[in-house]
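Colleague: Contents of my_file.txt (compact mmCIF, C-alpha atoms and all ligand atoms) are below:
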```txt
# COMPACT_ATOMS: atom_id res chain seq x y z
CA MET A 186 -75.00 212.68 -141.41
CA PHE A 187 -72.26 215.23 -142.01
CA SER A 188 -69.00 213.36 -142.21
CA MET A 189 -65.41 214.22 -143.11
CA PRO A 190 -63.54 210.93 -143.04
CA ILE A 191 -59.81 210.79 -142.33
CA VAL A 192 -57.67 207.86 -143.45
CA ASN A 193 -54.14 206.81 -142.62
CA LEU A 194 -52.32 206.14 -145.91
CA ALA A 195 -49.70 203.83 -144.38
CA GLU A 196 -52.44 201.67 -142.83
CA ILE A 197 -54.46 201.60 -146.06
CA SER A 198 -51.33 200.56 -147.99
CA GLN A 199 -50.64 197.76 -145.52
CA GLN A 200 -54.22 196.49 -145.77
CA LEU A 201 -54.04 196.60 -149.55
CA ALA A 202 -50.83 194.54 -149.59
CA GLU A 203 -52.39 191.94 -147.27
CA SER A 204 -55.58 191.72 -149.35
CA GLY A 205 -53.66 190.89 -152.55
CA LYS A 206 -55.81 193.43 -154.41
CA ARG A 207 -54.43 196.27 -156.54
CA VAL A 208 -56.82 199.09 -155.75
CA ARG A 209 -58.58 200.40 -152.65
CA VAL A 210 -61.13 203.13 -153.35
CA LEU A 211 -61.25 205.74 -150.57
CA TRP A 212 -63.90 208.10 -151.93
CA GLN A 213 -65.97 207.97 -155.08
CA HIS A 214 -68.85 210.40 -155.20
CA ASN A 215 -69.91 213.74 -156.64
CA ASP A 216 -66.73 215.26 -158.05
CA ILE A 217 -64.10 213.11 -156.40
CA LEU A 218 -62.48 209.74 -157.03
CA THR A 219 -59.59 208.93 -154.70
CA PHE A 220 -57.88 205.57 -154.39
CA VAL A 221 -54.68 203.92 -153.24
CA ALA A 222 -53.03 201.72 -155.89
CA ARG A 223 -50.40 199.05 -155.47
CA GLY A 224 -47.93 198.65 -158.32
CA ARG A 225 -47.86 195.86 -160.86
CA GLU A 226 -44.77 193.86 -161.71
CA TYR A 227 -45.60 194.25 -165.37
CA ARG A 228 -47.31 197.18 -166.96
CA SER A 229 -47.37 198.14 -170.59
CA GLU A 230 -50.61 199.96 -171.37
CA PHE A 231 -51.28 203.66 -171.68
CA HIS A 232 -54.43 204.85 -169.94
CA ILE A 233 -56.40 207.84 -171.25
CA ASN A 234 -59.02 209.15 -168.87
CA PRO A 235 -61.39 212.10 -169.11
CA SER A 236 -60.29 213.64 -165.82
CA ASP A 237 -57.27 215.55 -164.59
CA GLU A 238 -55.26 213.41 -162.20
CA THR A 239 -52.69 213.72 -159.45
CA MET A 240 -50.45 210.90 -158.24
CA TYR A 241 -48.61 211.00 -154.93
CA MET A 242 -46.06 208.33 -154.01
CA ILE A 243 -46.80 207.08 -150.49
CA LYS A 244 -44.05 204.45 -150.66
CA GLY A 245 -41.53 203.59 -153.37
CA GLU A 246 -40.82 205.20 -156.72
CA MET A 247 -42.96 205.44 -159.87
CA ARG A 248 -41.72 205.72 -163.41
CA LEU A 249 -44.61 207.35 -165.23
CA HIS A 250 -44.34 206.70 -168.95
CA TYR A 251 -46.46 209.10 -170.98
CA ARG A 252 -46.93 210.17 -174.58
CA THR A 253 -46.62 213.77 -175.64
CA PRO A 254 -49.18 215.42 -177.98
CA GLU A 255 -46.66 214.63 -180.77
CA GLY A 256 -46.84 210.94 -179.83
CA LYS A 257 -43.35 210.68 -178.32
CA GLU A 258 -42.89 208.46 -175.26
CA GLU A 259 -41.30 210.15 -172.25
CA VAL A 260 -40.72 209.08 -168.62
CA ALA A 261 -41.27 211.12 -165.45
CA VAL A 262 -39.66 209.71 -162.29
CA ILE A 263 -41.72 210.35 -159.14
CA GLY A 264 -39.83 209.59 -155.94
CA GLU A 265 -41.32 208.60 -152.60
CA GLY A 266 -43.11 211.59 -151.12
CA ALA A 267 -43.32 213.34 -154.52
CA MET A 268 -46.45 214.12 -156.53
CA ILE A 269 -47.27 214.73 -160.19
CA TYR A 270 -50.16 216.43 -161.98
CA THR A 271 -51.31 214.84 -165.24
CA PRO A 272 -53.84 216.72 -167.42
CA ALA A 273 -56.96 214.92 -168.68
CA GLY A 274 -56.42 213.09 -171.95
CA THR A 275 -52.69 212.43 -171.46
CA PRO A 276 -51.82 208.81 -172.36
CA HIS A 277 -49.97 207.62 -169.26
CA SER A 278 -48.60 204.35 -167.92
CA PRO A 279 -47.78 204.31 -164.18
CA ARG A 280 -45.02 201.74 -163.64
CA PHE A 281 -44.11 200.89 -160.07
CA PRO A 282 -43.45 197.65 -158.18
CA ALA A 283 -45.97 195.63 -156.18
CA ASP A 284 -44.47 196.82 -152.88
CA ALA A 285 -44.91 200.50 -153.84
CA PHE A 286 -48.10 202.48 -153.20
CA ALA A 287 -49.57 205.58 -154.83
CA LEU A 288 -52.42 207.86 -153.86
CA ILE A 289 -54.41 208.76 -156.98
CA SER A 290 -56.99 211.53 -157.17
CA GLU A 291 -59.28 212.03 -160.15
CA ARG A 292 -62.83 213.17 -160.85
CA LYS A 293 -65.63 210.64 -160.57
CA ARG A 294 -66.67 209.77 -164.11
CA ARG A 295 -69.75 211.47 -165.53
CA ASP A 296 -72.45 209.37 -167.20
CA GLY A 297 -71.19 207.85 -170.43
CA GLU A 298 -67.58 209.03 -170.10
CA ILE A 299 -65.09 206.57 -171.54
CA ASP A 300 -61.70 205.43 -170.25
CA SER A 301 -59.43 203.87 -172.84
CA PHE A 302 -56.34 201.69 -172.63
CA HIS A 303 -53.80 201.55 -175.47
CA TRP A 304 -50.87 199.30 -176.26
CA TYR A 305 -48.00 200.05 -178.62
CA CYS A 306 -45.48 197.71 -180.22
CA GLN A 307 -42.34 197.52 -178.10
CA LYS A 308 -40.23 197.15 -181.24
CA CYS A 309 -41.62 199.68 -183.74
CA ASP A 310 -44.11 201.72 -181.63
CA THR A 311 -47.08 200.95 -183.91
CA HIS A 312 -50.46 201.14 -182.11
CA LEU A 313 -51.49 197.56 -181.29
CA HIS A 314 -54.86 197.66 -179.57
CA GLU A 315 -57.40 199.74 -177.69
CA GLU A 316 -59.76 198.66 -174.91
CA ARG A 317 -62.59 201.04 -173.96
CA PHE A 318 -64.59 201.04 -170.74
CA ILE A 319 -67.31 203.05 -169.06
CA VAL A 320 -66.04 203.10 -165.48
CA ASN A 321 -69.04 203.39 -163.20
CA ASP A 322 -67.16 202.01 -160.24
CA TYR A 323 -63.40 202.19 -159.97
CA GLY A 324 -63.54 199.47 -157.33
CA GLU A 325 -64.18 197.04 -160.21
CA ASP A 326 -60.52 197.56 -161.22
CA PRO A 327 -60.87 198.41 -164.94
CA VAL A 328 -57.10 198.12 -165.46
CA SER A 329 -57.17 194.42 -164.57
CA LYS A 330 -60.13 193.85 -166.92
CA ALA A 331 -58.35 195.60 -169.79
CA TYR A 332 -55.23 193.51 -169.13
CA GLN A 333 -57.14 190.28 -169.19
CA ARG A 334 -58.80 191.04 -172.54
CA PHE A 335 -55.57 192.19 -174.16
CA PHE A 336 -53.23 189.46 -172.97
CA GLU A 337 -55.66 186.63 -173.63
CA SER A 338 -55.64 187.53 -177.33
CA LEU A 339 -52.60 186.69 -179.43
CA GLU A 340 -54.13 188.74 -182.25
CA PHE A 341 -54.33 191.90 -180.14
CA ARG A 342 -50.71 191.47 -179.03
CA THR A 343 -49.26 190.90 -182.51
CA CYS A 344 -47.95 193.95 -184.36
CA LYS A 345 -49.58 194.32 -187.83
CA GLN A 346 -46.54 196.32 -188.94
CA CYS A 347 -43.51 194.24 -187.89
CA GLY A 348 -44.95 190.99 -186.49
CA GLU A 349 -43.49 191.46 -182.99
CA ILE A 350 -45.61 189.81 -180.27
CA MET A 351 -45.88 191.50 -176.89
CA PRO A 352 -45.21 188.75 -174.32
CA ALA A 353 -47.89 188.06 -171.72
CA PRO A 354 -46.91 188.55 -168.06
CA ASP A 355 -46.52 185.48 -165.83
CA ALA A 356 -49.58 186.54 -163.82
CA LEU A 357 -52.25 189.13 -164.58
FE FE A 401 -44.10 196.49 -184.47
```
I'd like the structure from this file rewritten - as structure tokens, please.

Modeller:
Amino acid sequence: MFSMPIVNLAEISQQLAESGKRVRVLWQHNDILTFVARGREYRSEFHINPSDETMYMIKGEMRLHYRTPEGKEEVAVIGEGAMIYTPAGTPHSPRFPADAFALISERKRRDGEIDSFHWYCQKCDTHLHEERFIVNDYGEDPVSKAYQRFFESLEFRTCKQCGEIMPAPDAL
């Protein structure tokens, strides 16, 4: 059946908050992956994905940390109602609170494409750890899986250069 679904972003955000989940996938087929994400109180990883991406702030403000091709960390501030375009391959870390909501649009992953998550030492910026995933279904919340693996390991969180340990959040 030919169908062009319409969603109400305020309603979807409300439902997401009530569910306690972080991600609600709207569409994931052919060339499109669109989802609404709720912020996390604590976010430290940089995500590298194989698709261009746009992020639109439905409610609240995002501080998007990203790393330039030279490896320098920068921050883009995206206010409520504003939108940013992030090219494929840009290490980025969307930081926004749990009562803020973003509409994210990407390309559905092609077979075998890899998403990676990177952590850097908060003291000396040395690369700490990488988690790699093949994301067949974004509804499985790969960010939460990466978090769990990283924060459950003291070894992954300990800087080989300066010994600094990245503290684990109160709740994952
Ligand atoms: Fe360090």

Colleague: Find the residues around Pro354 of chain A up to 12 Å (only C-alpha atoms counted), leave out those fewer than 5 positions away in its own chain, and share them as a list in words.

Modeller: Arg225, Glu226, Tyr227, Arg228, Ser229, Tyr332, Gln333, Phe335, Phe336, Glu337 and Arg342 of chain A

Colleague: One decimal, Å: what's the distance from atom CA of Met189 of chain A over to atom CA of Arg292 of chain A, could you say?

Modeller: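 A separation of 18.0 Å between them.
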
Colleague: Give me, as CSV, the closest atom pair and its distance (Å, one decimal) for every residue of chain A within a cut-off of 6 Å of ligand FE 401 (chain A), counting all atoms listed in the file, rows sorted by chain and rising number.

Modeller:
```
residue,atom,partner,partner_atom,distance
A:Cys306,CA,A:FE401,FE,4.6
A:Lys308,CA,A:FE401,FE,5.1
A:Cys309,CA,A:FE401,FE,4.1
A:Asp310,CA,A:FE401,FE,6.0
A:Thr311,CA,A:FE401,FE,5.4
A:Cys344,CA,A:FE401,FE,4.6
A:Gln346,CA,A:FE401,FE,5.1
A:Cys347,CA,A:FE401,FE,4.1
A:Gly348,CA,A:FE401,FE,5.9
A:Glu349,CA,A:FE401,FE,5.3
```

Colleague: Considering only C-alpha atoms, give me a table of residues in segment 234-259 of chain A that are at most 7 Å from segment 268-282 of chain A, with the closest atom pair and distance in Å for each, as CSV.

Modeller:
```
residue,atom,partner,partner_atom,distance
A:Asn234,CA,A:Gly274,CA,5.6
A:Pro235,CA,A:Ala273,CA,5.3
A:Ser236,CA,A:Ala273,CA,4.6
A:Asp237,CA,A:Ala273,CA,4.1
A:Glu238,CA,A:Thr271,CA,5.2
A:Thr239,CA,A:Tyr270,CA,4.5
A:Met240,CA,A:Ile269,CA,5.3
A:Tyr241,CA,A:Met268,CA,4.1
A:Met242,CA,A:Met268,CA,6.3
A:Glu246,CA,A:Phe281,CA,6.4
A:Met247,CA,A:Phe281,CA,4.7
A:Arg248,CA,A:Arg280,CA,5.2
A:Leu249,CA,A:Pro279,CA,4.5
A:His250,CA,A:Ser278,CA,5.0
A:Tyr251,CA,A:His277,CA,4.2
A:Arg252,CA,A:Pro276,CA,5.5
```

Colleague: With only C-alpha atoms as the basis for distance, which of A:Lys257, A:Arg207, A:Lys345, A:Lys244 is at the shortest distance from Leu194 of chain A?

Modeller: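 Closest residue, counting only C-alpha atoms: A:Lys244.
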
Colleague: For atom CA of Lys293 of chain A and atom CA of Leu313 of chain A, determine how far apart the two atoms are, in Å to one decimal place.

Modeller: 28.3 Å

Colleague: How many Å separate atom CA of Glu259 of chain A from atom CA of Ala195 of chain A?

Modeller: 29.8 Å

Colleague: Under the rule that all atoms listed in the file are counted, which of A:Ile233, A:Ile217, A:Ala331, A:Ile263 is the nearest residue to Glu298 of chain A?

Modeller: A:Ile233

Colleague: Excluding Glu230 of chain A and residues on its chain fewer than 5 positions from it, collect all residues at most 7 Å away from it, counting all atoms listed in the file, and give them as number ranges by chain.

Modeller: A: 278, 302-304

Colleague: Atoms to include: C-alpha atoms. Write the selected residues as a PDB file, in the coordinates of the input.

Modeller:
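Generated file (part.pdb):
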```pdb
ATOM      1  CA  SER A 278     -48.600 204.350-167.920  1.00  0.00           C
ATOM      2  CA  PHE A 302     -56.340 201.690-172.630  1.00  0.00           C
ATOM      3  CA  HIS A 303     -53.800 201.550-175.470  1.00  0.00           C
ATOM      4  CA  TRP A 304     -50.870 199.300-176.260  1.00  0.00           C
TER       5      TRP A 304
END
```

Colleague: Can you list, as a list in words, every protein, DNA or RNA residue that comes within 10 Å of Ser198 of chain A when you count only C-alpha atoms, leaving out same-chain residues fewer than 5 positions away?

Modeller: Asn193, Glu203, Ser204, Val208, Arg209, Val221, Ala222, Arg223, Ile243, Lys244, Asp284, Ala285, Phe286, Ala287 and Leu288 of chain A

Colleague: From the options A:Ala283, A:Val260, A:Gly245, A:Ile191, which residue's atoms come nearest to Gly205 of chain A, counting all atoms listed in the file?

Modeller: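 Answer, going by the shortest atom-to-atom distance: A:Ala283.
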
Colleague: For each of A:Ser338, A:Ser301, A:Arg294, A:Gln307, take the minimum atom-to-atom distance to His214 of chain A, counting all atoms listed in the file, then give the residue where this is smallest.

Modeller: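 Once distances to His214 of chain A are computed over all atoms listed in the file, the minimum belongs to A:Arg294.
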